[in-house]
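Step one of this worksheet: look at the structure below.
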Amino acid sequence: MTLRFPLRSVPLLVGALTAGLVPACAPSVARVSLARPATITDWRSQPPLGYPARADRRNLPPGDTLRFGSLGIAVLAIGPDSAAPAQLAARLQLLLGAEREERDAPEGAAFNWRGYHVAVVAIGSPGELGAGLVSLEVAELASLPPEVANSSVAGGAGLRLRIPHEIRYVTLHHTGDAQPLRPEDDPIAKLRALQSWGAADRNWWDLPYHLLLDLDGRIYAGRDWHYMGETNTTYDPRGHLLISVIGNYQRQEPTPAQLSAIADIMAWAVAEFGVPLERIGGHYNYADTDCPGRYFIRYLEDGTFRRMVQERLDRARRGGRP
Ligand SMILES: [Zn+2]
């Protein structure tokens with residue numbers, strides 16, 4: 001729970017310390033301790049799934065390429081599967097060094113190629129969420145358990161991979177429910193529904209977000225933040241701490257308790273992971289979406305969240321004094 005030094009200040013400080021220039025009572029310019037906000041963890045009726053692996057995952061439109069180490073996977077086209085025309089297939093081009101290979105992979109297929117495992121987790125048909133996108137997962141074969149490495153099907157949530165990442169961004173979302181969240185709604189029922197929908201409909205191994213909030217600003221622990229989150233859009237969620245507010249903030253105003261709790265999480269993340277304030281943003285900064293809704297975007301755009309985070313960091317530096 002400590003603030004990392006901006007990289008360039010480290011040599012200066014280390015130099016000062018070794019030269020004995022920093023007296024014990026000098027004002028603390030660097031180390032800030034911010035307690036991790038308390039989270040509710042006992043809301044689940046189902047445990048998270050998935051296997052940790054050296055892997056990556058992305059939703060790609062035709063024309064885009066997923067790069068993973070020295071491997072590239074380009075989506076050339078989406079069309080009916082020649083063997084089963086009712087089903088969609090993706091035409092992929094695999095690139096490794098000077099090697100190039102094209103192959104058609106139907107939705108739900110998986111295959112091994114040159115030490116990698118590639119799964120076509122989903123292909124969005126017209127009208128469906130993720131329409132026109134190929135959801136691809138790629139892993140180093142050697143990092144996989146046998147049940148995934150030997151599978152010729154992409155499989156559902158149970159075969160998905162937990163992809164470790166380092167937090168470099170703090171990104172606000174809303175769950176974007178059809179209806180605003182009301183005080184009489186049960187947030188735990190909403191979380192359980194999101195988890196089971198994500199597993200059944202999107203093949204997600206857990207909630208897509210790391211931390212979620214209800215109207216009272218209570219914080220629920222979602223996906224383990226050591227692993228990358230999920231998206232239905234095309235941005236790369238790797239490196240993003242995903243905070244999501246239950247409800248629809250295109251249609252409802254946030255409560256003061258929510259704003260305060262979100263700022264607490266953001267300040268903790270800035271201190272814990274050394275995220276610069278300018279990397280506090282919203283989903284709309286990275287993808288074609290109105291998430292987290294106009295009533296939150298307002299506070300991201302006008303600097304309210306960054307000011308609240310700065311206040312928390314300053315207070316921590318003063319040892320908690322106002
Ligand atoms: Zn979002």
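Numbering starts fresh at 1 for the residues of each chain in the structure tokens, the chains themselves are lettered A, B, ... in the order given, and ligands are numbered from 1 as they appear.
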
Would you list the contacts of stretch 217-223 of chain A as an MDAnalysis selection string, taking every protein, DNA or RNA residue within 12 Å and counting only C-alpha atoms, but skipping same-chain residues closer than 6 positions in sequence?
chainID A and resid 36:44 47:50 162:164 183 187:188 190:192 194:195 198 204:211 229:230 241:246 254:265

List as a tab-separated table every residue of chain A that is in contact with ligand 1, defined as an atom at most 8 Å from one of its atoms (using only C-alpha atoms and all ligand atoms), together with the nearest atom pair and the distance in Å rounded to one decimal, sorted by chain and then rising number.
```
residue	atom	partner	partner_atom_place_in_ligand_line	distance
A:Leu172	CA	ligand 1	1 (Zn)	7.0
A:His173	CA	ligand 1	1 (Zn)	4.1
A:His174	CA	ligand 1	1 (Zn)	5.9
A:Thr175	CA	ligand 1	1 (Zn)	7.0
A:Gly176	CA	ligand 1	1 (Zn)	7.9
A:Thr231	CA	ligand 1	1 (Zn)	7.2
A:Ser244	CA	ligand 1	1 (Zn)	7.5
A:Gly282	CA	ligand 1	1 (Zn)	7.4
A:His283	CA	ligand 1	1 (Zn)	4.8
A:Tyr284	CA	ligand 1	1 (Zn)	7.3
A:Thr289	CA	ligand 1	1 (Zn)	7.4
A:Asp290	CA	ligand 1	1 (Zn)	8.0
A:Cys291	CA	ligand 1	1 (Zn)	4.7
A:Pro292	CA	ligand 1	1 (Zn)	5.8
```

Mind dumping the selected residues with N, CA and C atoms as a PDB file, in the first residue's frame?
```pdb
ATOM      1  N   LEU A 172     -13.048   3.432 -15.353  1.00  0.00           N
ATOM      2  CA  LEU A 172     -14.399   3.359 -14.787  1.00  0.00           C
ATOM      3  C   LEU A 172     -15.405   2.872 -15.835  1.00  0.00           C
ATOM      4  N   HIS A 173     -16.291   1.991 -15.395  1.00  0.00           N
ATOM      5  CA  HIS A 173     -17.386   1.463 -16.214  1.00  0.00           C
ATOM      6  C   HIS A 173     -18.692   1.569 -15.433  1.00  0.00           C
ATOM      7  N   HIS A 174     -19.814   1.351 -16.132  1.00  0.00           N
ATOM      8  CA  HIS A 174     -21.045   0.995 -15.431  1.00  0.00           C
ATOM      9  C   HIS A 174     -21.505  -0.338 -16.026  1.00  0.00           C
ATOM     10  N   THR A 175     -22.377  -1.040 -15.302  1.00  0.00           N
ATOM     11  CA  THR A 175     -22.817  -2.321 -15.855  1.00  0.00           C
ATOM     12  C   THR A 175     -23.799  -2.089 -17.002  1.00  0.00           C
ATOM     13  N   GLY A 176     -24.369  -0.877 -17.092  1.00  0.00           N
ATOM     14  CA  GLY A 176     -25.200  -0.528 -18.239  1.00  0.00           C
ATOM     15  C   GLY A 176     -26.486  -1.319 -18.331  1.00  0.00           C
ATOM     16  N   THR A 231     -14.088  -7.512 -21.987  1.00  0.00           N
ATOM     17  CA  THR A 231     -14.854  -6.460 -22.654  1.00  0.00           C
ATOM     18  C   THR A 231     -15.653  -7.059 -23.795  1.00  0.00           C
ATOM     19  N   SER A 244     -16.475  -0.936 -11.811  1.00  0.00           N
ATOM     20  CA  SER A 244     -17.772  -0.816 -12.465  1.00  0.00           C
ATOM     21  C   SER A 244     -18.867  -0.523 -11.444  1.00  0.00           C
ATOM     22  N   GLY A 282     -12.266   6.543 -18.387  1.00  0.00           N
ATOM     23  CA  GLY A 282     -13.480   5.746 -18.530  1.00  0.00           C
ATOM     24  C   GLY A 282     -13.373   4.874 -19.763  1.00  0.00           C
ATOM     25  N   HIS A 283     -14.213   3.873 -19.810  1.00  0.00           N
ATOM     26  CA  HIS A 283     -14.228   2.954 -20.945  1.00  0.00           C
ATOM     27  C   HIS A 283     -14.289   3.720 -22.277  1.00  0.00           C
ATOM     28  N   TYR A 284     -15.075   4.827 -22.309  1.00  0.00           N
ATOM     29  CA  TYR A 284     -15.266   5.600 -23.550  1.00  0.00           C
ATOM     30  C   TYR A 284     -13.957   6.179 -24.082  1.00  0.00           C
ATOM     31  N   THR A 289     -18.035   3.592 -27.152  1.00  0.00           N
ATOM     32  CA  THR A 289     -19.071   3.249 -26.173  1.00  0.00           C
ATOM     33  C   THR A 289     -19.414   4.499 -25.373  1.00  0.00           C
ATOM     34  N   ASP A 290     -20.613   4.537 -24.771  1.00  0.00           N
ATOM     35  CA  ASP A 290     -20.917   5.652 -23.875  1.00  0.00           C
ATOM     36  C   ASP A 290     -20.706   5.256 -22.406  1.00  0.00           C
ATOM     37  N   CYS A 291     -20.112   4.090 -22.180  1.00  0.00           N
ATOM     38  CA  CYS A 291     -19.785   3.609 -20.830  1.00  0.00           C
ATOM     39  C   CYS A 291     -18.704   4.506 -20.221  1.00  0.00           C
ATOM     40  N   PRO A 292     -18.790   4.955 -18.983  1.00  0.00           N
ATOM     41  CA  PRO A 292     -19.723   4.594 -17.903  1.00  0.00           C
ATOM     42  C   PRO A 292     -20.967   5.465 -17.793  1.00  0.00           C
TER      43      PRO A 292
END
```

With stretch 302-311 of chain A as the partner and 7 Å as the cut-off, tabulate the residues of stretch 259-283 of chain A that qualify, each row holding the nearest pair of atoms and their distance in Å to one decimal, using only C-alpha atoms, sorted by chain and rising number, as JSON lines.
```
{"residue": "A:Ala263", "atom": "CA", "partner": "A:Val309", "partner_atom": "CA", "distance": 5.5}
{"residue": "A:Met266", "atom": "CA", "partner": "A:Val309", "partner_atom": "CA", "distance": 6.5}
{"residue": "A:Ala267", "atom": "CA", "partner": "A:Val309", "partner_atom": "CA", "distance": 4.9}
{"residue": "A:Leu277", "atom": "CA", "partner": "A:Arg306", "partner_atom": "CA", "distance": 6.4}
```

Name all residues at most 12 Å from A:Val121 (count only C-alpha atoms; drop same-chain ones fewer than 3 positions away) and give them as a count of residues only.
38

Can you list, as an MDAnalysis selection string, every protein, DNA or RNA residue that comes within 6 Å of A:Arg54 when you count only C-alpha atoms, leaving out same-chain residues fewer than 6 positions away?
chainID A and resid 139:140 143

Can I get the selected residues back with C-alpha atoms, as a tab-separated table (two decimals), in the first residue's frame?
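Contents of part12.tsv, freshly written:
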```tsv
chain	number	residue	atom	x	y	z
A	139	ALA	CA	-1.62	-19.04	-25.23
A	140	GLU	CA	1.84	-20.50	-25.03
A	143	SER	CA	1.85	-22.79	-20.02
```
